[in-house]
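What follows is the content of coords-v6.txt (compact mmCIF, C-alpha atoms).
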# COMPACT_ATOMS: atom_id res chain seq x y z
CA MET A 1 -8.29 7.00 -10.30
CA GLY A 2 -5.21 5.10 -9.19
CA TYR A 3 -4.06 4.75 -5.60
CA ALA A 4 -1.16 7.14 -6.30
CA GLU A 5 -3.76 9.86 -6.89
CA GLN A 6 -5.76 9.19 -3.71
CA ASP A 7 -4.90 11.25 -0.63
CA SER A 8 -6.21 8.48 1.65
CA VAL A 9 -7.15 4.80 1.64
CA GLU A 10 -9.06 2.87 4.25
CA LYS A 11 -7.28 0.78 6.86
CA GLY A 12 -7.24 -2.99 6.38
CA LEU A 13 -7.05 -3.32 2.58
CA ARG A 14 -4.84 -6.26 1.57
CA PHE A 15 -2.47 -6.43 -1.37
CA LYS A 16 0.21 -8.73 -2.77
CA THR A 17 3.34 -6.83 -3.80
CA ARG A 18 5.55 -7.58 -6.79
CA GLY A 19 7.89 -9.27 -4.29
CA ARG A 20 4.95 -11.58 -3.38
CA LEU A 21 4.57 -10.18 0.16
CA VAL A 22 1.03 -9.91 1.50
CA VAL A 23 0.59 -6.49 3.09
CA GLN A 24 -2.27 -4.57 4.69
CA THR A 25 -2.88 -0.83 4.67
CA THR A 26 -2.60 1.03 7.98
CA GLY A 27 -4.62 4.07 6.87
CA ASN A 28 -1.60 6.43 6.83
CA THR A 29 -0.74 8.26 3.60
CA THR A 30 2.20 10.47 2.58
CA HIS A 31 2.41 12.84 -0.39
CA ILE A 32 5.70 12.73 -2.32
CA ALA A 33 5.97 16.26 -3.72
CA SER A 34 8.88 15.58 -6.09
CA THR A 35 6.80 13.08 -8.10
CA ASN A 36 3.34 14.35 -7.07
CA VAL A 37 2.08 10.94 -5.94
CA TYR A 38 0.63 9.57 -2.73
CA VAL A 39 2.13 6.49 -1.11
CA HIS A 40 0.36 4.49 1.54
CA GLU A 41 1.78 2.83 4.64
CA VAL A 42 1.43 -0.96 4.68
CA GLU A 43 2.31 -3.65 7.20
CA VAL A 44 3.75 -7.02 6.19
CA LEU A 45 1.33 -9.76 7.34
CA GLY A 46 3.50 -12.87 7.13
CA GLY A 47 6.86 -14.33 6.23
CA PRO A 48 10.10 -12.37 6.22
CA GLY A 49 9.61 -8.95 7.75
CA GLN A 50 6.27 -9.77 9.37
CA GLY A 51 5.05 -6.72 11.27
CA SER A 52 7.35 -4.32 9.41
CA LYS A 53 5.77 -1.17 8.02
CA TYR A 54 6.80 0.77 4.94
CA LEU A 55 5.41 3.17 2.32
CA HIS A 56 4.23 1.61 -0.93
CA ASN A 57 2.73 2.80 -4.22
CA LEU A 58 -0.32 0.54 -4.31
CA ASP A 59 -0.65 0.95 -8.08
CA TYR A 60 2.13 -1.66 -8.25
CA ALA A 61 0.38 -4.26 -6.09
CA GLU A 62 -2.52 -6.66 -6.63
CA PRO A 63 -5.62 -6.45 -4.39
CA VAL A 64 -6.20 -9.60 -2.31
CA GLN A 65 -9.59 -10.77 -1.10
CA CYS A 66 -9.79 -11.29 2.69

Please re-express this file's structure in structure tokens.
Amino acid sequence: MGYAEQDSVEKGLRFKTRGRLVVQTTGNTTHIASTNVYVHEVEVLGGPGQGSKYLHNLDYAEPVQC
């Protein structure tokens, strides 16, 4: 099951986005009804936009070991 099919993810998981940003999940999830997917809120950990939060489809990011 991909992340887009999960109605929740645990807080603190780290990923690297296609834009090479390292982000961490906040534990908040939103369902997008028009595409029937779940997106998960992440916070940028470093670099440009550090501390910014946004919704991301984690199926398009690589897990990062802490």

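Closest approach to Asp7 in chain A from the set A:Gln65, A:Asn36, A:Thr25, A:Thr30 is made by A:Thr30, with distances taken over all atoms listed in the file.
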
Just the residues within 8 Å of Thr29 in chain A, please, counting only C-alpha atoms, with nothing from its chain fewer than 4 positions along; format it as a list of chain:residue names.
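The residues satisfying every condition are A:Asp7, A:Ser8, A:Val9, A:Tyr38, A:Val39, A:His40, A:Glu41.
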
For Gly51 in chain A, the nearest of the candidates A:Pro63, A:Asn28, A:Ala33, A:Val22, counting all atoms listed in the file:
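Nearest to Gly51 in chain A: A:Val22.
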
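Proximity of A:Cys66, A:Ala61, A:Leu45, A:Leu55 to Gly19 in chain A, computed with only C-alpha atoms, is greatest for A:Ala61.
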
Would you compute, for all listed atoms of range 16-34 of chain A, the axis-aligned bounding box grown by 3 Å on each side, and then report its centre and edge lengths in Å rounded to one decimal, as JSON?
{"center_x": 2.1, "center_y": 2.3, "center_z": 0.6, "size_x": 19.5, "size_y": 33.8, "size_z": 20.8}

List as a PyMOL selection string the protein and nucleic acid residues near range 1-5 of chain A, meaning an atom at most 6 Å away when only C-alpha atoms are counted, but skip any in the same chain fewer than 4 places from it.
chain A and resi 37-38+58-59

Pro48 in chain A environment, 10 Å, all atoms listed in the file, sequence neighbours closer than 4 positions dropped, as a CSV table (one decimal) with C-alpha atoms, keeping the file's coordinate frame:
chain,number,residue,atom,x,y,z
A,21,LEU,CA,4.6,-10.2,0.2
A,44,VAL,CA,3.8,-7.0,6.2
A,52,SER,CA,7.4,-4.3,9.4

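Taking CA of Glu62 in chain A and CA of Lys16 in chain A as the two end points, the separation is 5.2 Å.
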
How many Å lie between CA of Gly47 in chain A and CA of Lys11 in chain A, rounded to one decimal?
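For CA of Gly47 in chain A relative to CA of Lys11 in chain A, the distance reads 20.7 Å.
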